[in-house]
file final-v7.txt (compact mmCIF, C-alpha atoms)
# COMPACT_ATOMS: atom_id res chain seq x y z
CA MET A 1 127.99 -10.08 -109.78
CA ASN A 2 126.30 -7.97 -112.47
CA ARG A 3 124.14 -10.94 -113.43
CA ILE A 4 122.94 -11.30 -109.86
CA VAL A 5 122.25 -7.58 -109.56
CA ASN A 6 120.30 -7.60 -112.84
CA LYS A 7 118.25 -10.59 -111.75
CA LEU A 8 117.41 -9.01 -108.41
CA ASN A 9 116.48 -5.77 -110.15
CA ARG A 10 114.16 -7.62 -112.53
CA LEU A 11 112.50 -9.45 -109.66
CA TRP A 12 111.93 -6.16 -107.87
CA LYS A 13 110.44 -4.60 -111.02
CA GLU A 14 108.15 -7.59 -111.53
CA ARG A 15 106.92 -7.29 -107.95
CA ALA A 16 106.39 -3.55 -108.34
CA HIS A 17 104.46 -4.13 -111.55
CA ARG A 18 102.21 -6.74 -109.96
CA ALA A 19 101.43 -4.27 -107.18
CA ALA A 20 100.64 -1.54 -109.72
CA ALA A 21 98.53 -3.87 -111.89
CA GLY A 22 96.55 -5.01 -108.85
CA ALA A 23 94.73 -1.68 -108.88
CA VAL A 24 92.88 -2.85 -112.03
CA LEU A 25 90.64 -4.88 -109.72
CA ASP A 26 89.15 -1.60 -108.49
CA THR A 27 88.17 -0.41 -112.00
CA PRO A 28 84.70 -0.77 -113.57
CA PRO A 29 83.93 -4.05 -115.35
CA ILE A 30 83.70 -4.30 -119.11
CA LEU A 31 80.17 -4.35 -120.50
CA PRO A 32 80.51 -6.78 -123.45
CA ALA A 33 78.43 -6.60 -126.60
CA ASP A 34 77.73 -9.26 -129.22
CA ASP A 35 78.43 -6.80 -132.03
CA GLY A 36 80.77 -8.73 -134.32
CA LEU A 37 84.04 -7.97 -132.53
CA ILE A 38 86.01 -10.41 -130.38
CA LEU A 39 88.98 -9.40 -128.22
CA PHE A 40 90.92 -12.64 -127.93
CA SER A 41 93.92 -13.59 -125.77
CA MET A 42 95.68 -16.68 -124.52
CA ILE A 43 96.44 -16.31 -120.82
CA GLY A 44 97.24 -18.18 -117.62
CA THR A 45 97.17 -17.44 -113.93
CA ARG A 46 100.61 -15.77 -113.97
CA VAL A 47 99.48 -12.94 -116.25
CA LEU A 48 95.93 -12.45 -114.98
CA LEU A 49 96.43 -8.89 -113.69
CA PRO A 50 98.49 -7.58 -116.65
CA TYR A 51 95.95 -9.13 -118.98
CA LEU A 52 93.10 -7.26 -117.30
CA VAL A 53 95.03 -4.03 -117.82
CA ALA A 54 95.64 -4.91 -121.48
CA VAL A 55 92.08 -5.85 -122.35
CA LYS A 56 90.36 -3.16 -120.29
CA SER A 57 92.56 -0.37 -121.62
CA LEU A 58 91.89 -1.43 -125.23
CA HIS A 59 88.17 -1.93 -124.69
CA ALA A 60 87.91 1.48 -123.03
CA GLN A 61 89.04 3.06 -126.31
CA LEU A 62 86.98 0.88 -128.66
CA ARG A 63 83.83 0.71 -126.52
CA LYS A 64 82.69 -2.41 -128.32
CA GLY A 65 83.22 -6.15 -128.53
CA ARG A 66 83.12 -9.18 -126.30
CA ILE A 67 85.91 -11.19 -124.72
CA VAL A 68 87.07 -14.72 -125.53
CA ILE A 69 89.98 -16.28 -123.64
CA LEU A 70 92.16 -19.29 -124.41
CA ASP A 71 93.17 -20.87 -121.08
CA ASP A 72 96.77 -22.09 -121.25
CA GLY A 73 95.83 -24.72 -118.68
CA THR A 74 96.76 -22.82 -115.52
CA LEU A 75 93.71 -20.65 -114.81
CA THR A 76 92.30 -21.40 -111.36
CA ASP A 77 88.70 -21.24 -110.16
CA ALA A 78 89.55 -17.96 -108.43
CA ASP A 79 90.97 -16.59 -111.71
CA ARG A 80 87.78 -17.54 -113.54
CA GLN A 81 85.65 -15.78 -110.95
CA ILE A 82 87.70 -12.59 -111.38
CA LEU A 83 87.47 -12.82 -115.17
CA ALA A 84 83.70 -13.35 -115.00
CA ALA A 85 83.22 -10.33 -112.75
CA HIS A 86 85.46 -7.97 -114.72
CA LEU A 87 84.84 -9.06 -118.32
CA GLY A 88 81.15 -9.88 -118.41
CA ASN A 89 81.43 -13.64 -118.03
CA PRO A 90 83.69 -14.22 -121.06
CA ARG A 91 83.84 -17.45 -122.99
CA ILE A 92 86.91 -19.42 -121.86
CA VAL A 93 88.27 -22.13 -124.16
CA SER A 94 90.65 -24.84 -122.98
CA ILE A 95 93.91 -25.15 -124.89
CA ALA A 96 93.49 -28.92 -124.82
CA ASP A 97 90.37 -28.59 -126.98
CA ILE A 98 92.18 -26.95 -129.92
CA ASP A 99 93.15 -29.33 -132.73
CA THR A 100 96.34 -28.01 -134.33
CA ALA A 101 96.98 -30.71 -136.95
CA PRO A 102 98.72 -30.52 -139.36
CA CYS A 103 100.46 -27.54 -137.72
CA PRO A 104 102.74 -27.82 -134.67
CA ARG A 105 101.34 -28.08 -131.17
CA GLY A 106 102.44 -25.65 -128.47
CA GLN A 107 104.32 -22.34 -128.92
CA VAL A 108 100.90 -20.55 -129.09
CA TRP A 109 99.86 -22.29 -132.31
CA GLU A 110 96.58 -23.08 -130.53
CA ARG A 111 95.97 -19.34 -130.23
CA LEU A 112 96.43 -18.62 -133.93
CA LEU A 113 94.36 -21.57 -135.14
CA ALA A 114 91.54 -20.88 -132.67
CA LEU A 115 91.21 -17.27 -133.80
CA LEU A 116 91.31 -18.28 -137.48
CA ASP A 117 88.34 -20.54 -136.75
CA MET A 118 86.51 -17.75 -134.89
CA ARG A 119 86.95 -15.17 -137.64
CA ALA A 120 84.35 -16.92 -139.79
CA GLY A 121 81.63 -14.85 -138.15
CA ASP A 122 83.45 -12.10 -136.22
CA TYR A 123 86.29 -9.63 -136.51
CA VAL A 124 88.95 -10.97 -134.11
CA ILE A 125 91.71 -8.93 -132.43
CA GLN A 126 94.58 -10.91 -130.94
CA LEU A 127 95.88 -9.11 -127.86
CA ASP A 128 98.88 -10.06 -125.74
CA SER A 129 98.77 -9.54 -121.98
CA ASP A 130 101.96 -7.43 -122.00
CA THR A 131 100.35 -4.60 -123.96
CA VAL A 132 98.88 -1.31 -122.76
CA THR A 133 96.58 1.05 -124.66
CA LEU A 134 97.40 4.63 -123.72
CA GLY A 135 95.25 6.71 -126.02
CA ASP A 136 92.73 6.94 -128.82
CA VAL A 137 93.10 4.22 -131.49
CA PRO A 138 91.26 5.56 -134.55
CA GLU A 139 93.16 3.32 -136.97
CA ILE A 140 91.92 0.24 -135.12
CA ALA A 141 88.34 1.50 -134.97
CA ALA A 142 88.41 2.24 -138.70
CA ALA A 143 89.92 -1.17 -139.54
CA ILE A 144 87.08 -2.90 -137.69
CA VAL A 145 84.42 -0.86 -139.52
CA GLN A 146 86.14 -1.48 -142.87
CA ASN A 147 86.66 -5.18 -142.05
CA ARG A 148 90.36 -4.70 -142.79
CA SER A 149 93.03 -6.86 -141.14
CA PHE A 150 95.95 -5.16 -139.37
CA THR A 151 99.17 -5.90 -137.57
CA LEU A 152 101.59 -4.18 -135.26
CA ARG A 153 104.87 -3.78 -137.14
CA GLY A 154 107.79 -5.80 -135.83
CA ASP A 155 110.18 -3.00 -136.78
CA PRO A 156 109.63 0.68 -137.63
CA ASP A 157 110.47 0.01 -141.29
CA SER A 158 108.46 -3.19 -141.74
CA GLU A 159 106.68 -3.26 -145.08
CA LEU A 160 104.81 -5.61 -147.39
CA LEU A 161 107.29 -7.55 -149.52
CA SER A 162 107.06 -10.42 -151.95
CA PHE A 163 108.54 -13.71 -150.80
CA ALA A 164 111.50 -13.15 -153.15
CA GLU A 165 112.07 -9.62 -151.82
CA MET A 166 111.96 -10.81 -148.21
CA ALA A 167 114.39 -13.64 -148.92
CA ALA A 168 116.75 -11.24 -150.70
CA LYS A 169 116.52 -8.77 -147.82
CA SER A 170 117.40 -11.52 -145.33
CA ASP A 171 120.07 -12.85 -147.72
CA ASP A 172 121.84 -15.15 -145.30
CA ASP A 173 121.54 -18.85 -146.01
CA GLU A 174 123.42 -19.53 -142.78
CA PHE A 175 120.13 -18.90 -140.97
CA LEU A 176 118.39 -21.46 -143.15
CA HIS A 177 120.97 -24.19 -142.68
CA ASN A 178 122.10 -23.47 -139.11
CA PRO A 179 119.97 -25.64 -136.81
CA GLU A 180 120.55 -23.19 -133.95
CA ALA A 181 119.29 -20.14 -135.86
CA HIS A 182 116.00 -18.58 -134.77
CA VAL A 183 113.13 -20.05 -136.75
CA GLN A 184 111.87 -16.65 -137.92
CA GLY A 185 115.18 -15.66 -139.49
CA ALA A 186 115.56 -19.12 -140.98
CA ILE A 187 112.21 -19.23 -142.75
CA GLU A 188 112.35 -15.58 -143.83
CA CYS A 189 115.56 -16.14 -145.78
CA GLY A 190 114.03 -19.23 -147.38
CA LEU A 191 110.67 -17.76 -148.39
CA ASP A 192 111.64 -17.81 -152.06
CA ARG A 193 111.63 -21.62 -151.79
CA VAL A 194 108.09 -21.78 -150.38
CA SER A 195 105.30 -22.71 -152.78
CA LEU A 196 101.73 -21.57 -152.08
CA PRO A 197 99.71 -22.31 -155.25
CA ALA A 198 96.60 -20.63 -153.84
CA LEU A 199 98.38 -17.25 -153.97
CA THR A 200 99.43 -15.60 -157.24
CA ASN A 201 101.93 -13.28 -155.58
CA PRO A 202 102.41 -14.28 -151.93
CA LEU A 203 103.43 -11.45 -149.62
CA TYR A 204 105.13 -11.20 -146.25
CA VAL A 205 105.41 -8.57 -143.54
CA ARG A 206 107.64 -8.71 -140.49
CA GLY A 207 104.82 -8.03 -138.06
CA CYS A 208 104.21 -8.72 -134.39
CA ALA A 209 101.60 -11.28 -133.41
CA GLY A 210 101.22 -9.58 -130.03
CA PHE A 211 98.61 -7.27 -131.56
CA ALA A 212 96.85 -8.15 -134.79
CA GLY A 213 93.37 -7.88 -136.24
CA PHE A 214 91.78 -10.54 -138.46
CA ALA A 215 88.93 -9.48 -140.69
CA ARG A 216 85.64 -11.32 -140.51
CA GLY A 217 85.03 -14.03 -143.07
CA GLY A 218 88.59 -14.93 -144.06
CA ASP A 219 89.57 -18.37 -145.30
CA GLY A 220 90.18 -19.72 -141.84
CA ARG A 221 93.05 -22.12 -141.45
CA ALA A 222 93.71 -23.00 -145.09
CA LEU A 223 96.61 -20.61 -145.72
CA ALA A 224 98.17 -21.18 -142.28
CA GLU A 225 98.11 -24.93 -142.79
CA ALA A 226 99.49 -24.75 -146.32
CA PHE A 227 102.33 -22.48 -145.24
CA SER A 228 103.10 -24.62 -142.20
CA ARG A 229 103.46 -27.72 -144.39
CA GLU A 230 105.87 -25.89 -146.69
CA ALA A 231 107.91 -24.47 -143.80
CA GLU A 232 108.15 -27.90 -142.19
CA ARG A 233 109.34 -29.35 -145.50
CA LEU A 234 112.02 -26.67 -145.68
CA LEU A 235 113.21 -26.64 -142.04
CA GLY A 236 112.15 -30.01 -140.69
CA ALA A 237 109.45 -30.71 -138.12
CA GLU A 238 111.61 -30.15 -135.04
CA ARG A 239 112.89 -26.73 -136.11
CA TRP A 240 109.53 -25.55 -137.41
CA ALA A 241 107.85 -26.41 -134.10
CA ARG A 242 110.05 -23.94 -132.18
CA TRP A 243 108.97 -20.62 -130.67
CA GLY A 244 108.42 -18.00 -133.36
CA SER A 245 106.90 -20.21 -136.06
CA GLU A 246 103.39 -19.11 -135.11
CA GLN A 247 104.33 -15.44 -135.45
CA VAL A 248 105.77 -16.01 -138.93
CA THR A 249 102.52 -17.71 -139.94
CA SER A 250 100.43 -14.89 -138.49
CA ASN A 251 102.54 -12.51 -140.59
CA ILE A 252 101.83 -14.56 -143.71
CA VAL A 253 98.07 -14.59 -143.08
CA ILE A 254 97.90 -10.83 -142.45
CA ALA A 255 100.13 -9.91 -145.40
CA ASN A 256 97.92 -11.80 -147.83
CA GLU A 257 94.64 -10.28 -146.66
CA PRO A 258 92.94 -7.72 -148.92
CA ASP A 259 94.56 -4.32 -148.24
CA PRO A 260 96.13 -5.13 -144.83
CA LEU A 261 96.92 -2.23 -142.51
CA LEU A 262 100.41 -1.92 -141.05
CA LEU A 263 99.90 0.24 -137.99
CA PRO A 264 101.90 3.50 -137.88
CA TYR A 265 104.87 2.81 -135.64
CA ASP A 266 104.96 6.28 -134.10
CA HIS A 267 101.65 5.50 -132.37
CA TYR A 268 101.68 1.67 -132.12
CA LEU A 269 105.04 0.24 -131.12
CA ASN A 270 107.15 -2.37 -129.40
CA PHE A 271 109.13 -1.19 -126.39
CA TRP A 272 112.89 -1.57 -126.90
CA ASP A 273 114.00 0.44 -123.84
CA GLU A 274 114.17 3.61 -125.93
CA GLY A 275 111.44 5.47 -124.09
CA VAL A 276 107.72 5.77 -124.82
CA PRO A 277 106.91 8.60 -127.27
CA PRO A 278 104.56 11.29 -125.92
CA ASP A 279 101.89 10.41 -128.50
CA ALA A 280 102.11 6.63 -128.12
CA ARG A 281 98.65 5.08 -128.33
CA PHE A 282 99.54 1.41 -127.87
CA VAL A 283 102.72 -0.18 -126.51
CA HIS A 284 103.78 -3.82 -126.54
CA PHE A 285 106.27 -4.39 -123.71
CA ILE A 286 108.18 -7.34 -125.13
CA GLY A 287 109.85 -9.72 -122.72
CA SER A 288 113.47 -8.74 -123.34
CA TYR A 289 112.91 -5.14 -122.25
CA ARG A 290 109.64 -5.30 -120.29
CA PHE A 291 111.21 -4.38 -116.99
CA SER A 292 113.97 -2.11 -118.26
CA GLY A 293 113.40 1.11 -116.35
CA ASN A 294 109.89 1.96 -115.15
CA ALA A 295 108.10 2.39 -118.48
CA TYR A 296 105.84 -0.67 -118.13
CA ILE A 297 104.97 0.18 -114.54
CA ASP A 298 104.26 3.81 -115.45
CA ALA A 299 102.13 2.86 -118.47
CA THR A 300 100.14 0.41 -116.36
CA ARG A 301 99.43 3.06 -113.74
CA THR A 302 98.43 5.57 -116.42
CA ALA A 303 96.04 3.14 -118.09
CA ILE A 304 94.43 2.14 -114.79
CA ALA A 305 93.96 5.76 -113.77
CA ALA A 306 92.17 6.45 -117.05
CA LEU A 307 89.76 3.58 -116.37
CA GLY A 308 88.48 5.23 -113.18
CA ARG A 309 87.19 3.45 -110.12
CA ALA A 310 84.28 1.07 -109.76
call {"tool": "encode", "arguments": {"input": "final-v7.txt", "output": "structure tokens"}}
result
Amino acid sequence: MNRIVNKLNRLWKERAHRAAAGAVLDTPPILPADDGLILFSMIGTRVLLPYLVAVKSLHAQLRKGRIVILDDGTLTDADRQILAAHLGNPRIVSIADIDTAPCPRGQVWERLLALLDMRAGDYVIQLDSDTVTLGDVPEIAAAIVQNRSFTLRGDPDSELLSFAEMAAKSDDDEFLHNPEAHVQGAIECGLDRVSLPALTNPLYVRGCAGFAGFARGGDGRALAEAFSREAERLLGAERWARWGSEQVTSNIVIANEPDPLLLPYDHYLNFWDEGVPPDARFVHFIGSYRFSGNAYIDATRTAIAALGRA
């Protein structure tokens, strides 16, 4: 009975959120600029309205950049018309056009590899559709100016660690050898067995790929591909292709950038159904807790109100 009640409650919250997010269609359009910044997201028709809230609320604080979208294959002609009207006719790339070899296909690998290609000439921010910017983001603005990569922390205490330190912190070989273990936990406890000759002292951070910035002019795919080969050797192709492998690789890329910024968790955070701090600037409403309480709905309404009306 509780399972049925919880499911019905979630469905009601999802419907209430869609209704709240629909008001974003009455807000002013983004005026894009070809100024060296790309706000990049992979979306489909199901998340069109939340995505508009995510990208408009971030752009309203940065006041710069242009939009590039990776179509997951479900965007309709009507969706594209809405995106063109609200985002200044953004470039839309088809997921089928992204070559992922030798990395896995699916599980948003196309997103990571596409942005690593784009960063050759632009600073690229990867933005999930289930995020809301609620206030000033000076750390992000400074990172763009300084051409410094950043990531949202996965946990409040996430820090830069060597591969050996991360493996020792995980310290549970059961994850590595248990075929049912989540791929992130599995590879993290086996990082001390990963060889990346291009890096003298490879580093890792348990970050969140839902919001990350990639500095202009990085080495593109080389590190991601090298790490993916090593992880596949360690875990096997089937395990490494599961959900979460892309996020681990994003973490590797960010951690080994020059002077990467780990965003302060008191202002930039994941929502774990523990409330939204009064001074939260950016919140990622992860799937497990997205519709716990009314926080996502309230944040969406707050962000839309700050955008004003067209």
call {"tool": "closest_residue", "arguments": {"input": "final-v7.txt", "among": "A:Ile187, A:Ala226, A:Val248, A:Leu62", "to": "A:Arg206", "atoms": "all atoms listed in the file"}}
result
A:Val248
call {"tool": "atom_distance", "arguments": {"input": "final-v7.txt", "atom1": "atom CA of A:Tyr268", "atom2": "atom CA of A:Leu152"}}
result
6.6 Å
call {"tool": "residues_around", "arguments": {"input": "final-v7.txt", "residues": "stretch 97-114 of chain A", "least_positions_apart": "6", "cutoff": "8 Å", "atoms": "all atoms listed in the file", "output": "list in words"}}
result
Ser41, Met42, Leu70, Arg221, Glu225, Ser228, Arg229, Trp240, Ala241, Arg242, Trp243, Gly244, Ser245, Glu246 and Ser250 of chain A
call {"tool": "closest_residue", "arguments": {"input": "final-v7.txt", "among": "A:Pro202, A:Gly44, A:Gly236, A:Pro277", "to": "A:Val253", "atoms": "only C-alpha atoms"}}
result
A:Pro202
call {"tool": "closest_residue", "arguments": {"input": "final-v7.txt", "among": "A:Thr74, A:Asn89, A:Ser129, A:Ser288", "to": "A:Thr300", "atoms": "all atoms listed in the file"}}
result
A:Ser129
call {"tool": "closest_residue", "arguments": {"input": "final-v7.txt", "among": "A:Phe291, A:Ala23, A:Leu58, A:Ala120", "to": "A:Ala141", "atoms": "all atoms listed in the file"}}
result
A:Leu58
call {"tool": "residues_around", "arguments": {"input": "final-v7.txt", "residues": "A:Ala84", "least_positions_apart": "3", "cutoff": "12 Å", "atoms": "all atoms listed in the file", "output": "number ranges by chain"}}
result
A: 29-32, 52, 67-69, 77-81, 87-92
call {"tool": "residues_near_point", "arguments": {"input": "final-v7.txt", "point": "(111.8, -22.9, -151.8)", "cutoff": "10 Å", "atoms": "all atoms listed in the file", "output": "PyMOL selection string"}}
result
chain A and resi 163-164+187+189-195+230-231+233-234
call {"tool": "write_last_selection", "arguments": {"input": "final-v7.txt", "atoms": "C-alpha atoms", "output": "short mmCIF file (atom, residue, chain, number, x, y, z; two decimals), in the frame of the given file"}}
result
data_model
loop_
_atom_site.label_atom_id
_atom_site.label_comp_id
_atom_site.auth_asym_id
_atom_site.auth_seq_id
_atom_site.Cartn_x
_atom_site.Cartn_y
_atom_site.Cartn_z
CA PHE A 163 108.54 -13.71 -150.80
CA ALA A 164 111.50 -13.15 -153.15
CA ILE A 187 112.21 -19.23 -142.75
CA CYS A 189 115.56 -16.14 -145.78
CA GLY A 190 114.03 -19.23 -147.38
CA LEU A 191 110.67 -17.76 -148.39
CA ASP A 192 111.64 -17.81 -152.06
CA ARG A 193 111.63 -21.62 -151.79
CA VAL A 194 108.09 -21.78 -150.38
CA SER A 195 105.30 -22.71 -152.78
CA GLU A 230 105.87 -25.89 -146.69
CA ALA A 231 107.91 -24.47 -143.80
CA ARG A 233 109.34 -29.35 -145.50
CA LEU A 234 112.02 -26.67 -145.68
#
call {"tool": "build_atoms", "arguments": {"input": "final-v7.txt", "residues": "stretch 280-300 of chain A", "atoms": "N, CA, C and O atoms", "output": "mmCIF file, in the frame of the given file"}}
result
data_model
loop_
_atom_site.group_PDB
_atom_site.id
_atom_site.type_symbol
_atom_site.label_atom_id
_atom_site.label_comp_id
_atom_site.auth_asym_id
_atom_site.auth_seq_id
_atom_site.Cartn_x
_atom_site.Cartn_y
_atom_site.Cartn_z
ATOM 1 N N ALA A 280 102.321 8.066 -127.971
ATOM 2 C CA ALA A 280 102.110 6.630 -128.120
ATOM 3 C C ALA A 280 100.669 6.284 -127.746
ATOM 4 O O ALA A 280 100.167 6.718 -126.708
ATOM 5 N N ARG A 281 100.023 5.497 -128.600
ATOM 6 C CA ARG A 281 98.650 5.080 -128.330
ATOM 7 C C ARG A 281 98.594 3.655 -127.768
ATOM 8 O O ARG A 281 97.718 3.331 -126.992
ATOM 9 N N PHE A 282 99.544 2.832 -128.234
ATOM 10 C CA PHE A 282 99.540 1.410 -127.870
ATOM 11 C C PHE A 282 100.978 0.945 -127.808
ATOM 12 O O PHE A 282 101.751 1.171 -128.733
ATOM 13 N N VAL A 283 101.338 0.280 -126.698
ATOM 14 C CA VAL A 283 102.720 -0.180 -126.510
ATOM 15 C C VAL A 283 102.728 -1.652 -126.141
ATOM 16 O O VAL A 283 101.985 -2.087 -125.243
ATOM 17 N N HIS A 284 103.556 -2.404 -126.832
ATOM 18 C CA HIS A 284 103.780 -3.820 -126.540
ATOM 19 C C HIS A 284 105.115 -3.934 -125.802
ATOM 20 O O HIS A 284 106.173 -3.671 -126.370
ATOM 21 N N PHE A 285 105.053 -4.306 -124.534
ATOM 22 C CA PHE A 285 106.270 -4.390 -123.710
ATOM 23 C C PHE A 285 106.834 -5.799 -123.811
ATOM 24 O O PHE A 285 106.563 -6.669 -122.980
ATOM 25 N N ILE A 286 107.642 -6.009 -124.849
ATOM 26 C CA ILE A 286 108.180 -7.340 -125.130
ATOM 27 C C ILE A 286 109.086 -7.811 -123.990
ATOM 28 O O ILE A 286 109.686 -7.012 -123.277
ATOM 29 N N GLY A 287 109.187 -9.127 -123.874
ATOM 30 C CA GLY A 287 109.850 -9.720 -122.720
ATOM 31 C C GLY A 287 111.270 -9.267 -122.465
ATOM 32 O O GLY A 287 111.668 -9.062 -121.320
ATOM 33 N N SER A 288 112.061 -9.078 -123.517
ATOM 34 C CA SER A 288 113.470 -8.740 -123.340
ATOM 35 C C SER A 288 113.679 -7.416 -122.620
ATOM 36 O O SER A 288 114.678 -7.229 -121.916
ATOM 37 N N TYR A 289 112.730 -6.483 -122.794
ATOM 38 C CA TYR A 289 112.910 -5.140 -122.250
ATOM 39 C C TYR A 289 111.751 -4.704 -121.348
ATOM 40 O O TYR A 289 111.675 -3.552 -120.944
ATOM 41 N N ARG A 290 110.866 -5.634 -121.017
ATOM 42 C CA ARG A 290 109.640 -5.300 -120.290
ATOM 43 C C ARG A 290 109.901 -4.561 -118.996
ATOM 44 O O ARG A 290 109.188 -3.620 -118.640
ATOM 45 N N PHE A 291 110.928 -4.977 -118.295
ATOM 46 C CA PHE A 291 111.210 -4.380 -116.990
ATOM 47 C C PHE A 291 112.499 -3.563 -116.995
ATOM 48 O O PHE A 291 113.132 -3.379 -115.962
ATOM 49 N N SER A 292 112.873 -3.070 -118.189
ATOM 50 C CA SER A 292 113.970 -2.110 -118.260
ATOM 51 C C SER A 292 113.414 -0.745 -117.864
ATOM 52 O O SER A 292 112.491 -0.244 -118.496
ATOM 53 N N GLY A 293 113.949 -0.157 -116.832
ATOM 54 C CA GLY A 293 113.400 1.110 -116.350
ATOM 55 C C GLY A 293 112.004 0.915 -115.774
ATOM 56 O O GLY A 293 111.605 -0.183 -115.394
ATOM 57 N N ASN A 294 111.234 1.995 -115.753
ATOM 58 C CA ASN A 294 109.890 1.960 -115.150
ATOM 59 C C ASN A 294 108.777 2.169 -116.161
ATOM 60 O O ASN A 294 107.638 2.420 -115.783
ATOM 61 N N ALA A 295 109.091 2.053 -117.455
ATOM 62 C CA ALA A 295 108.100 2.390 -118.480
ATOM 63 C C ALA A 295 106.850 1.532 -118.385
ATOM 64 O O ALA A 295 105.722 2.046 -118.508
ATOM 65 N N TYR A 296 106.998 0.218 -118.191
ATOM 66 C CA TYR A 296 105.840 -0.670 -118.130
ATOM 67 C C TYR A 296 105.011 -0.378 -116.882
ATOM 68 O O TYR A 296 103.769 -0.338 -116.939
ATOM 69 N N ILE A 297 105.676 -0.153 -115.784
ATOM 70 C CA ILE A 297 104.970 0.180 -114.540
ATOM 71 C C ILE A 297 104.217 1.500 -114.701
ATOM 72 O O ILE A 297 103.034 1.612 -114.338
ATOM 73 N N ASP A 298 104.889 2.500 -115.275
ATOM 74 C CA ASP A 298 104.260 3.810 -115.450
ATOM 75 C C ASP A 298 103.070 3.731 -116.406
ATOM 76 O O ASP A 298 102.012 4.339 -116.160
ATOM 77 N N ALA A 299 103.228 2.989 -117.502
ATOM 78 C CA ALA A 299 102.130 2.860 -118.470
ATOM 79 C C ALA A 299 100.941 2.145 -117.843
ATOM 80 O O ALA A 299 99.781 2.508 -118.085
ATOM 81 N N THR A 300 101.213 1.142 -117.036
ATOM 82 C CA THR A 300 100.140 0.410 -116.360
ATOM 83 C C THR A 300 99.374 1.331 -115.421
ATOM 84 O O THR A 300 98.131 1.334 -115.402
#
